[in-house]
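For reference, query36.pdb is printed below; it contains PDB, C-alpha atoms.
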```pdb
ATOM      1  CA  MET A  28     -28.549   3.190 -21.794
ATOM      2  CA  LYS A  29     -29.743   6.614 -22.894
ATOM      3  CA  HIS A  30     -33.248   5.527 -23.877
ATOM      4  CA  ASP A  31     -34.007   3.215 -21.001
ATOM      5  CA  LEU A  32     -37.042   4.881 -19.471
ATOM      6  CA  ILE A  33     -37.205   2.909 -16.215
ATOM      7  CA  LEU A  34     -33.530   3.449 -15.411
ATOM      8  CA  ARG A  35     -33.773   7.151 -16.137
ATOM      9  CA  VAL A  36     -36.852   7.639 -13.945
ATOM     10  CA  VAL A  37     -35.398   5.591 -11.084
ATOM     11  CA  ALA A  38     -32.103   7.453 -11.330
ATOM     12  CA  LYS A  39     -33.839  10.800 -11.235
ATOM     13  CA  LEU A  40     -35.753   9.682  -8.148
ATOM     14  CA  LEU A  41     -32.702   8.252  -6.381
ATOM     15  CA  ILE A  42     -29.945  10.782  -7.068
ATOM     16  CA  PRO A  43     -31.350  13.600  -4.884
ATOM     17  CA  PHE A  44     -31.618  11.175  -1.983
ATOM     18  CA  ILE A  45     -28.074   9.888  -2.543
ATOM     19  CA  LEU A  46     -26.787  13.469  -2.506
ATOM     20  CA  LEU A  47     -28.830  14.234   0.603
ATOM     21  CA  PHE A  48     -27.505  11.097   2.306
ATOM     22  CA  GLY A  49     -23.965  12.161   1.392
ATOM     23  CA  LEU A  50     -24.509  15.551   3.025
ATOM     24  CA  TYR A  51     -26.047  13.825   6.056
ATOM     25  CA  VAL A  52     -23.030  11.552   6.407
ATOM     26  CA  GLN A  53     -20.773  14.586   6.056
ATOM     27  CA  PHE A  54     -22.389  16.845   8.638
ATOM     28  CA  HIS A  55     -23.612  14.133  10.979
ATOM     29  CA  GLY A  56     -20.136  12.582  11.141
ATOM     30  CA  ASP A  57     -19.568  14.198  14.550
ATOM     31  CA  PHE A  58     -22.551  12.373  16.049
ATOM     32  CA  GLY A  59     -22.848   9.087  14.195
ATOM     33  CA  PRO A  60     -20.781   6.943  11.873
ATOM     34  CA  GLY A  61     -19.430   8.687   8.842
ATOM     35  CA  GLY A  62     -17.307  11.672   8.021
ATOM     36  CA  GLY A  63     -15.530  13.372   5.190
ATOM     37  CA  PHE A  64     -14.130  10.275   3.520
ATOM     38  CA  GLN A  65     -17.396   8.341   3.349
ATOM     39  CA  ALA A  66     -19.375  11.442   2.371
ATOM     40  CA  GLY A  67     -16.931  12.261  -0.419
ATOM     41  CA  VAL A  68     -17.267   8.749  -1.805
ATOM     42  CA  ILE A  69     -21.079   8.849  -1.639
ATOM     43  CA  LEU A  70     -21.246  12.236  -3.375
ATOM     44  CA  ALA A  71     -18.887  10.978  -6.092
ATOM     45  CA  ALA A  72     -20.991   7.813  -6.412
ATOM     46  CA  ALA A  73     -24.094   9.923  -7.066
ATOM     47  CA  VAL A  74     -22.388  11.677  -9.976
ATOM     48  CA  ILE A  75     -20.981   8.368 -11.273
ATOM     49  CA  PHE A  76     -24.510   6.921 -11.142
ATOM     50  CA  TYR A  77     -25.719   9.907 -13.166
ATOM     51  CA  ALA A  78     -22.911   9.350 -15.672
ATOM     52  CA  LEU A  79     -23.774   5.634 -16.013
ATOM     53  CA  ILE A  80     -27.426   6.314 -16.798
ATOM     54  CA  PHE A  81     -27.320   9.587 -18.724
ATOM     55  CA  GLY A  82     -23.913   9.267 -20.350
ATOM     56  CA  LEU A  83     -20.509  10.733 -19.655
ATOM     57  CA  ALA A  84     -21.070  13.898 -21.687
ATOM     58  CA  ASP A  85     -24.084  14.921 -19.583
ATOM     59  CA  ALA A  86     -22.195  14.235 -16.357
ATOM     60  CA  ARG A  87     -19.315  16.369 -17.630
ATOM     61  CA  ASN A  88     -21.829  19.170 -18.199
ATOM     62  CA  VAL A  89     -23.145  18.891 -14.648
ATOM     63  CA  VAL A  90     -19.758  18.504 -12.967
ATOM     64  CA  PRO A  91     -17.191  19.891 -15.414
ATOM     65  CA  GLU A  92     -13.729  18.387 -15.534
ATOM     66  CA  PRO A  93     -11.772  21.538 -14.530
ATOM     67  CA  LEU A  94     -13.936  21.765 -11.390
ATOM     68  CA  VAL A  95     -13.176  18.132 -10.510
ATOM     69  CA  GLU A  96      -9.451  18.645 -11.042
ATOM     70  CA  SER A  97      -9.363  21.755  -8.882
ATOM     71  CA  MET A  98     -11.467  19.996  -6.200
ATOM     72  CA  MET A  99      -8.634  17.472  -5.796
ATOM     73  CA  ALA A 100      -6.241  20.242  -4.777
ATOM     74  CA  ILE A 101      -8.748  22.505  -2.983
ATOM     75  CA  GLY A 102      -9.555  19.823  -0.401
ATOM     76  CA  VAL A 103      -5.914  19.366   0.599
ATOM     77  CA  LEU A 104      -5.507  23.155   0.695
ATOM     78  CA  VAL A 105      -8.582  23.532   2.953
ATOM     79  CA  TYR A 106      -7.170  20.903   5.309
ATOM     80  CA  ALA A 107      -3.706  22.447   5.361
ATOM     81  CA  GLY A 108      -5.313  25.896   5.582
ATOM     82  CA  VAL A 109      -6.993  24.922   8.861
ATOM     83  CA  GLY A 110      -3.514  24.163  10.172
ATOM     84  CA  VAL A 111      -2.163  27.491   8.929
ATOM     85  CA  ALA A 112      -5.144  29.321  10.439
ATOM     86  CA  GLY A 113      -4.219  27.749  13.770
ATOM     87  CA  LEU A 114      -0.645  28.999  13.314
ATOM     88  CA  LEU A 115      -1.808  32.536  12.496
ATOM     89  CA  LEU A 116      -4.072  32.631  15.557
ATOM     90  CA  GLY A 117      -1.153  31.743  17.792
ATOM     91  CA  GLY A 118      -1.418  27.975  18.209
ATOM     92  CA  ASN A 119       0.504  25.037  16.822
ATOM     93  CA  TYR A 120      -0.026  23.620  13.330
ATOM     94  CA  LEU A 121      -3.398  21.783  13.188
ATOM     95  CA  ASP A 122      -4.121  22.983  16.721
ATOM     96  CA  TYR A 123      -7.871  23.633  16.779
ATOM     97  CA  PHE A 124      -8.116  25.080  20.279
ATOM     98  CA  VAL A 125      -7.428  28.629  19.079
ATOM     99  CA  LEU A 126      -9.988  28.597  16.260
ATOM    100  CA  GLY A 127     -13.097  29.441  18.323
ATOM    101  CA  ARG A 128     -14.183  31.458  21.306
ATOM    102  CA  ASP A 129     -13.394  28.631  23.701
ATOM    103  CA  PRO A 130     -11.311  25.477  23.085
ATOM    104  CA  ILE A 131     -14.356  23.224  22.536
ATOM    105  CA  ALA A 132     -15.891  25.543  19.926
ATOM    106  CA  GLY A 133     -12.467  25.742  18.287
ATOM    107  CA  GLN A 134     -12.272  21.959  18.142
ATOM    108  CA  HIS A 135     -15.725  21.750  16.574
ATOM    109  CA  ARG A 136     -14.858  24.354  13.971
ATOM    110  CA  GLY A 137     -11.519  22.721  13.197
ATOM    111  CA  ILE A 138     -13.047  19.255  12.792
ATOM    112  CA  PHE A 139     -15.811  20.675  10.595
ATOM    113  CA  TRP A 140     -13.422  22.300   8.112
ATOM    114  CA  VAL A 141     -11.003  19.399   8.145
ATOM    115  CA  GLU A 142     -13.849  17.046   7.227
ATOM    116  CA  VAL A 143     -14.962  19.426   4.472
ATOM    117  CA  GLY A 144     -11.439  19.314   3.048
ATOM    118  CA  VAL A 145     -11.349  15.502   3.165
ATOM    119  CA  ALA A 146     -14.726  15.238   1.413
ATOM    120  CA  ILE A 147     -13.748  17.664  -1.362
ATOM    121  CA  THR A 148     -10.480  15.896  -2.154
ATOM    122  CA  VAL A 149     -11.916  12.380  -1.962
ATOM    123  CA  SER A 150     -14.909  13.100  -4.181
ATOM    124  CA  GLY A 151     -12.688  15.001  -6.636
ATOM    125  CA  VAL A 152     -10.203  12.135  -6.944
ATOM    126  CA  MET A 153     -12.896   9.448  -7.245
ATOM    127  CA  LEU A 154     -14.714  11.386  -9.950
ATOM    128  CA  LYS A 155     -11.522  12.193 -11.823
ATOM    129  CA  VAL A 156     -10.412   8.552 -11.865
ATOM    130  CA  PHE A 157     -13.852   7.525 -13.107
ATOM    131  CA  TYR A 158     -13.853  10.209 -15.817
ATOM    132  CA  MET A 159     -10.388   9.074 -16.882
ATOM    133  CA  PHE A 160     -11.372   5.418 -17.212
ATOM    134  CA  ALA A 161     -14.773   6.047 -18.741
ATOM    135  CA  GLY A 162     -13.419   8.560 -21.245
ATOM    136  CA  ARG A 163     -10.617   6.345 -22.538
ATOM    137  CA  GLY A 164     -12.642   4.087 -24.786
ATOM    138  CA  LYS A 165     -13.856   6.950 -26.894
ATOM    139  CA  VAL A 166     -10.351   8.323 -27.418
ATOM    140  CA  ASP A 167      -8.991   4.947 -28.492
ATOM    141  CA  GLN A 168     -11.677   4.299 -31.079
TER
ATOM    142  CA  MET F  11     -17.597 -15.571   2.294
ATOM    143  CA  ALA F  12     -15.459 -18.663   1.754
ATOM    144  CA  ALA F  13     -17.814 -19.790  -1.019
ATOM    145  CA  THR F  14     -17.501 -16.384  -2.690
ATOM    146  CA  VAL F  15     -13.712 -16.579  -2.584
ATOM    147  CA  VAL F  16     -13.629 -20.090  -4.076
ATOM    148  CA  VAL F  17     -15.964 -19.080  -6.924
ATOM    149  CA  LEU F  18     -13.913 -15.893  -7.422
ATOM    150  CA  ALA F  19     -10.706 -17.890  -7.801
ATOM    151  CA  ARG F  20     -12.199 -20.526 -10.133
ATOM    152  CA  ASN F  21     -14.189 -18.214 -12.396
ATOM    153  CA  ARG F  22     -12.732 -17.059 -15.704
ATOM    154  CA  ASN F  23     -15.500 -14.671 -16.699
ATOM    155  CA  LEU F  24     -14.267 -11.280 -15.546
ATOM    156  CA  PHE F  25     -17.742  -9.744 -15.376
ATOM    157  CA  ALA F  26     -18.830 -12.408 -12.890
ATOM    158  CA  VAL F  27     -15.594 -11.924 -10.964
ATOM    159  CA  ILE F  28     -16.220  -8.169 -10.625
ATOM    160  CA  VAL F  29     -19.796  -8.626  -9.459
ATOM    161  CA  LEU F  30     -18.674 -11.314  -6.995
ATOM    162  CA  SER F  31     -15.922  -9.110  -5.589
ATOM    163  CA  GLY F  32     -18.569  -6.448  -5.019
ATOM    164  CA  ALA F  33     -20.630  -9.024  -3.135
ATOM    165  CA  TYR F  34     -17.518 -10.011  -1.180
ATOM    166  CA  SER F  35     -17.048  -6.370  -0.182
ATOM    167  CA  PHE F  36     -20.615  -6.209   1.096
ATOM    168  CA  LEU F  37     -20.051  -9.388   3.132
ATOM    169  CA  MET F  38     -16.851  -7.851   4.508
ATOM    170  CA  ALA F  39     -18.805  -4.720   5.442
ATOM    171  CA  THR F  40     -21.275  -6.911   7.365
ATOM    172  CA  VAL F  41     -18.411  -8.605   9.203
ATOM    173  CA  LEU F  42     -16.950  -5.207  10.161
ATOM    174  CA  MET F  43     -20.405  -4.120  11.281
ATOM    175  CA  ALA F  44     -20.640  -7.194  13.500
ATOM    176  CA  MET F  45     -17.271  -6.222  15.003
ATOM    177  CA  ASP F  46     -18.688  -2.761  15.881
ATOM    178  CA  ALA F  47     -16.469  -0.912  13.398
ATOM    179  CA  VAL F  48     -19.326   1.022  11.811
ATOM    180  CA  ASP F  49     -17.185   3.738  10.222
ATOM    181  CA  VAL F  50     -14.879   1.213   8.560
ATOM    182  CA  SER F  51     -17.873  -0.847   7.465
ATOM    183  CA  MET F  52     -19.400   2.213   5.791
ATOM    184  CA  THR F  53     -16.151   2.925   3.964
ATOM    185  CA  GLU F  54     -15.867  -0.692   2.833
ATOM    186  CA  ALA F  55     -19.442  -0.683   1.505
ATOM    187  CA  SER F  56     -19.082   2.605  -0.373
ATOM    188  CA  VAL F  57     -15.503   2.248  -1.671
ATOM    189  CA  GLY F  58     -15.089  -1.522  -1.938
ATOM    190  CA  ALA F  59     -18.529  -2.454  -3.177
ATOM    191  CA  GLY F  60     -19.514   0.806  -4.867
ATOM    192  CA  ILE F  61     -16.732   2.812  -6.459
ATOM    193  CA  SER F  62     -14.187   0.081  -7.129
ATOM    194  CA  THR F  63     -16.828  -2.161  -8.739
ATOM    195  CA  VAL F  64     -17.713   0.683 -11.109
ATOM    196  CA  LEU F  65     -14.030   1.354 -11.823
ATOM    197  CA  PHE F  66     -13.412  -2.347 -12.522
ATOM    198  CA  LEU F  67     -16.414  -2.413 -14.836
ATOM    199  CA  SER F  68     -15.197   0.630 -16.748
ATOM    200  CA  ALA F  69     -11.774  -1.002 -17.045
ATOM    201  CA  LEU F  70     -13.451  -4.218 -18.229
ATOM    202  CA  PHE F  71     -15.171  -2.177 -20.945
ATOM    203  CA  LEU F  72     -11.697  -1.494 -22.375
ATOM    204  CA  CYS F  73     -10.468  -5.108 -22.433
ATOM    205  CA  ASP F  74     -11.541  -8.700 -23.035
ATOM    206  CA  SER F  75     -14.179 -10.111 -20.687
ATOM    207  CA  GLU F  76     -12.607 -13.597 -20.517
ATOM    208  CA  GLU F  77      -9.464 -14.194 -18.515
ATOM    209  CA  ALA F  78      -6.682 -15.835 -20.538
ATOM    210  CA  ARG F  79      -5.536 -19.307 -19.484
ATOM    211  CA  PRO F  80      -2.279 -19.088 -17.530
ATOM    212  CA  LEU F  81       0.799 -20.513 -19.260
ATOM    213  CA  HIS F  82       2.114 -22.329 -16.197
ATOM    214  CA  ARG F  83       0.431 -24.249 -13.445
ATOM    215  CA  PRO F  84       0.213 -21.875 -10.467
ATOM    216  CA  TRP F  85       2.058 -24.164  -7.994
ATOM    217  CA  MET F  86       4.753 -21.651  -7.023
ATOM    218  CA  PRO F  87       2.341 -18.739  -6.235
ATOM    219  CA  LEU F  88       0.063 -21.220  -4.442
ATOM    220  CA  ALA F  89       2.944 -22.397  -2.248
ATOM    221  CA  VAL F  90       3.914 -18.804  -1.443
ATOM    222  CA  ALA F  91       0.297 -17.921  -0.590
ATOM    223  CA  VAL F  92      -0.117 -20.978   1.653
ATOM    224  CA  ALA F  93       3.180 -20.199   3.403
ATOM    225  CA  VAL F  94       2.138 -16.587   4.041
ATOM    226  CA  VAL F  95      -1.269 -17.721   5.346
ATOM    227  CA  GLY F  96       0.522 -20.162   7.668
ATOM    228  CA  LEU F  97       2.791 -17.386   8.965
ATOM    229  CA  LEU F  98      -0.150 -15.022   9.520
ATOM    230  CA  VAL F  99      -2.198 -17.663  11.351
ATOM    231  CA  TYR F 100       0.872 -18.454  13.471
ATOM    232  CA  GLY F 101       1.116 -14.708  14.198
ATOM    233  CA  THR F 102      -2.499 -14.465  15.330
ATOM    234  CA  TRP F 103      -1.799 -17.012  18.091
ATOM    235  CA  GLY F 104       0.332 -14.360  19.768
ATOM    236  CA  LEU F 105      -2.445 -11.750  19.647
ATOM    237  CA  PRO F 106      -4.784 -11.163  22.586
ATOM    238  CA  GLU F 107      -8.357 -12.440  22.363
ATOM    239  CA  PHE F 108     -10.859 -10.357  20.394
ATOM    240  CA  SER F 109     -12.423  -7.648  22.637
ATOM    241  CA  ASP F 110     -10.109  -8.528  25.528
ATOM    242  CA  PRO F 111     -10.198  -5.412  27.783
ATOM    243  CA  ASN F 112      -6.635  -6.060  28.992
ATOM    244  CA  ALA F 113      -5.116  -6.082  25.502
ATOM    245  CA  PRO F 114      -2.178  -3.649  25.171
ATOM    246  CA  ILE F 115      -4.047  -1.609  22.555
ATOM    247  CA  HIS F 116      -6.694  -0.703  25.138
ATOM    248  CA  LYS F 117      -4.078   0.298  27.716
ATOM    249  CA  HIS F 118      -1.999   2.755  25.693
ATOM    250  CA  VAL F 119      -3.753   5.962  24.567
ATOM    251  CA  ALA F 120      -7.304   4.672  24.148
ATOM    252  CA  PRO F 121      -8.371   5.295  27.792
ATOM    253  CA  ARG F 122      -7.151   8.873  27.570
ATOM    254  CA  TYR F 123      -9.079   9.455  24.349
ATOM    255  CA  LEU F 124     -12.233   7.942  25.804
ATOM    256  CA  ASN F 125     -12.058   9.706  29.176
ATOM    257  CA  GLU F 126     -10.722  13.132  28.231
ATOM    258  CA  MET F 127     -12.489  13.474  24.885
ATOM    259  CA  LYS F 128     -15.626  14.854  26.572
ATOM    260  CA  ASN F 129     -13.643  17.753  28.094
ATOM    261  CA  GLU F 130     -11.246  18.373  25.212
ATOM    262  CA  VAL F 131     -13.190  17.894  21.985
ATOM    263  CA  ASP F 132     -16.795  17.110  22.980
ATOM    264  CA  VAL F 133     -17.884  15.313  19.826
ATOM    265  CA  PRO F 134     -20.225  12.340  20.352
ATOM    266  CA  ASN F 135     -18.446  10.120  17.803
ATOM    267  CA  VAL F 136     -15.042   9.225  19.254
ATOM    268  CA  VAL F 137     -13.853   7.947  15.867
ATOM    269  CA  THR F 138     -14.306  11.398  14.366
ATOM    270  CA  ALA F 139     -12.542  13.026  17.312
ATOM    271  CA  VAL F 140      -9.530  10.723  17.026
ATOM    272  CA  LEU F 141      -9.435  10.913  13.241
ATOM    273  CA  ALA F 142      -9.781  14.664  12.790
ATOM    274  CA  SER F 143      -8.404  16.081  16.003
ATOM    275  CA  TYR F 144      -6.032  13.811  17.940
ATOM    276  CA  ARG F 145      -4.653  12.255  14.803
ATOM    277  CA  GLY F 146      -5.045  15.292  12.575
ATOM    278  CA  TYR F 147      -1.564  14.956  11.124
ATOM    279  CA  ASP F 148      -2.205  11.367  10.045
ATOM    280  CA  THR F 149      -5.445  12.326   8.338
ATOM    281  CA  LEU F 150      -3.700  15.219   6.582
ATOM    282  CA  GLY F 151      -1.193  12.656   5.340
ATOM    283  CA  GLU F 152      -4.002  10.377   4.165
ATOM    284  CA  VAL F 153      -5.695  13.170   2.247
ATOM    285  CA  THR F 154      -2.363  13.999   0.643
ATOM    286  CA  VAL F 155      -1.982  10.334  -0.316
ATOM    287  CA  VAL F 156      -5.439  10.351  -1.941
ATOM    288  CA  PHE F 157      -4.538  13.550  -3.771
ATOM    289  CA  THR F 158      -1.193  12.128  -4.924
ATOM    290  CA  ALA F 159      -2.858   8.934  -6.136
ATOM    291  CA  GLY F 160      -5.355  10.970  -8.147
ATOM    292  CA  ALA F 161      -2.598  13.151  -9.555
ATOM    293  CA  GLY F 162      -0.640  10.024 -10.496
ATOM    294  CA  VAL F 163      -3.576   8.509 -12.379
ATOM    295  CA  LEU F 164      -4.095  11.864 -14.078
ATOM    296  CA  ALA F 165      -0.460  12.080 -15.179
ATOM    297  CA  LEU F 166      -0.355   8.468 -16.434
ATOM    298  CA  LEU F 167      -3.566   8.396 -18.417
ATOM    299  CA  ARG F 168      -3.315  11.888 -19.809
ATOM    300  CA  ARG F 169       0.159  11.607 -21.286
ATOM    301  CA  ARG F 170      -0.781   8.481 -23.219
ATOM    302  CA  ARG F 171      -3.690  10.332 -24.763
ATOM    303  CA  LYS F 172      -1.430  13.095 -26.103
ATOM    304  CA  ASP F 173       1.010  10.551 -27.577
ATOM    305  CA  ARG F 174      -1.771   8.862 -29.527
ATOM    306  CA  ARG F 175      -2.693  12.130 -31.146
TER
END
```
Write the structure described by the file as C-alpha cells, please.
Amino acid sequence: MKHDLILRVVAKLLIPFILLFGLYVQFHGDFGPGGGFQAGVILAAAVIFYALIFGLADARNVVPEPLVESMMAIGVLVYAGVGVAGLLLGGNYLDYFVLGRDPIAGQHRGIFWVEVGVAITVSGVMLKVFYMFAGRGKVDQ
Amino acid sequence: MAATVVVLARNRNLFAVIVLSGAYSFLMATVLMAMDAVDVSMTEASVGAGISTVLFLSALFLCDSEEARPLHRPWMPLAVAVAVVGLLVYGTWGLPEFSDPNAPIHKHVAPRYLNEMKNEVDVPNVVTAVLASYRGYDTLGEVTVVFTAGAGVLALLRRRRKDRR
C-alpha cells in the first residue's frame, strides 16, 4: 500500500485527529465517557493505522519496539507507584486521600495518574501484539 | 444482529467472517449504547471492532483465507451449544427486570457510590470514580492481566523466532 496516494493523504489528515481524540478520551475521562483503557486503545489504533498505510518499518521508526516493550511495564509500575506513594505519605495502599492538599484534590490526582498508567500499559500491549503478528510473515519467508 | 450471526456461522471465507465480526462488534456497541453503558460501548467499538479486527486480519495474512471443511458433522457441539443457551435463558428468568430500581444490584453499594461520590471523590463521571478509586485494586489487577497477556504473547512468539534461526 506504500504508493497509494489517496490512502496516504487521508491517513496523514486523520492520524493527528485520532491522536487528539485519544488524548481527549484520556483526560476527559473524569467528566464524560472514556478513560485510560479506551484512550490507550485509540492511541495504539492510530499507530496501527500508520503501520497499515506506511508499512511496519516506518511505524517501528516512529514508535520503536524497545519503547513499546518498556511501556507495557511502565504503565503497571505507574499504577502500583501511585499505591506506594499513598503508603509513603501515610495512607493505605492505593489510598488517594493523602496525595493532595485536601482529600478531593488527592482523589483527583490519584485517579489521573492511575488512568495514565492504564493507558500506557494498554497501548503498549496492543502495539506489541500487533508488531508481533505483523512482523511474523517476514521472518517466516 | 441475528442475520450477522447466521451469515458468520455459514460463511467459509475467513476475510468475510472477520469483516462481519467487526460489524457485529459495532452492532453490539450500539446495543450497549442503547442500554446507557457508554463506557463499555466505547471499549467494545475500539477493541472489538477496531483492534481485534486488525489483529485477525494480520493473522489471516499468515494463513489460508478459506476455512477447511470439518471432518465430522457438528451435531455434538451444536447440542452442547443449544443446551447451554437453554440453561442461560432459564437462568435469565430468575433475574430482575432490566432497569428495575428494586433489583438487588441497586441496593448493595451502588446508592453509597452515587450519593457519597460527590463528597468523597467529586468526579462527574461515576464510572471513572468507581473504576479508578473505589475499585482501584480491581483495576490494578486488570492492568496486570493486560500486562501478563502481552508478556505471554511476547514470550510465545519470540521463542519460536529464535528456534527458526
Taking the file as I've supplied it (selection: the ChimeraX specification (/F :<8) & /A), which residues are included? Please answer as a ChimeraX atom specification. /A:56-62,64-65,68-69,72,99-100,103,106-107,121,123,130-131,134-135,137-138,141-142,145,148-149,152-153,155-157,159-161,163-164,166
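Closest approach to Ala165 (chain F) among A:Phe139, A:Asn88, A:Arg35, A:Glu96 is made by A:Glu96 (distances from all atoms listed in the file).
Taking CA of Leu124 (chain F) and CA of Asp46 (chain F) as the two end points, the separation is 16.0 Å.
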Please enumerate the residues selected by the PyMOL selection byres ((chain F and resi 35-37) around 6) when evaluated against the supplied file, formatted as a compact mmCIF listing (two decimals) with C-alpha atoms, in the frame of the given file.
```
# COMPACT_ATOMS: atom_id res chain seq x y z
CA GLY F 32 -18.57 -6.45 -5.02
CA ALA F 33 -20.63 -9.02 -3.14
CA TYR F 34 -17.52 -10.01 -1.18
CA MET F 38 -16.85 -7.85 4.51
CA ALA F 39 -18.80 -4.72 5.44
CA THR F 40 -21.28 -6.91 7.36
CA ALA F 55 -19.44 -0.68 1.50
CA GLY F 58 -15.09 -1.52 -1.94
CA ALA F 59 -18.53 -2.45 -3.18
```
Applied to this file, what does the PyMOL selection byres ((chain F and resi 25) around 9) return in terms of residues, put as a PyMOL selection string? chain F and resi 22-24+26-30+67+70+75-76
Would you output that residue set with C-alpha atoms, as a PDB file, keeping the file's coordinate frame?
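part.pdb, written as the output of this step:
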```pdb
ATOM      1  CA  ARG F  22     -12.732 -17.059 -15.704  1.00  0.00           C
ATOM      2  CA  ASN F  23     -15.500 -14.671 -16.699  1.00  0.00           C
ATOM      3  CA  LEU F  24     -14.267 -11.280 -15.546  1.00  0.00           C
ATOM      4  CA  ALA F  26     -18.830 -12.408 -12.890  1.00  0.00           C
ATOM      5  CA  VAL F  27     -15.594 -11.924 -10.964  1.00  0.00           C
ATOM      6  CA  ILE F  28     -16.220  -8.169 -10.625  1.00  0.00           C
ATOM      7  CA  VAL F  29     -19.796  -8.626  -9.459  1.00  0.00           C
ATOM      8  CA  LEU F  30     -18.674 -11.314  -6.995  1.00  0.00           C
ATOM      9  CA  LEU F  67     -16.414  -2.413 -14.836  1.00  0.00           C
ATOM     10  CA  LEU F  70     -13.451  -4.218 -18.229  1.00  0.00           C
ATOM     11  CA  SER F  75     -14.179 -10.111 -20.687  1.00  0.00           C
ATOM     12  CA  GLU F  76     -12.607 -13.597 -20.517  1.00  0.00           C
TER      13      GLU F  76
END
```
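Interatomic distance, CA of Ala78 (chain F) against CA of Val16 (chain F): 18.4 Å.
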The centre and edge lengths of an axis-aligned box containing all atoms of region 105-120 of chain A present in the file, extended by 3 Å on each side, are to be given in Å to one decimal, as lines of an AutoDock Vina configuration file.
```
center_x = -4.0
center_y = 26.8
center_z = 10.6
size_x = 15.1
size_y = 17.7
size_z = 21.3
```
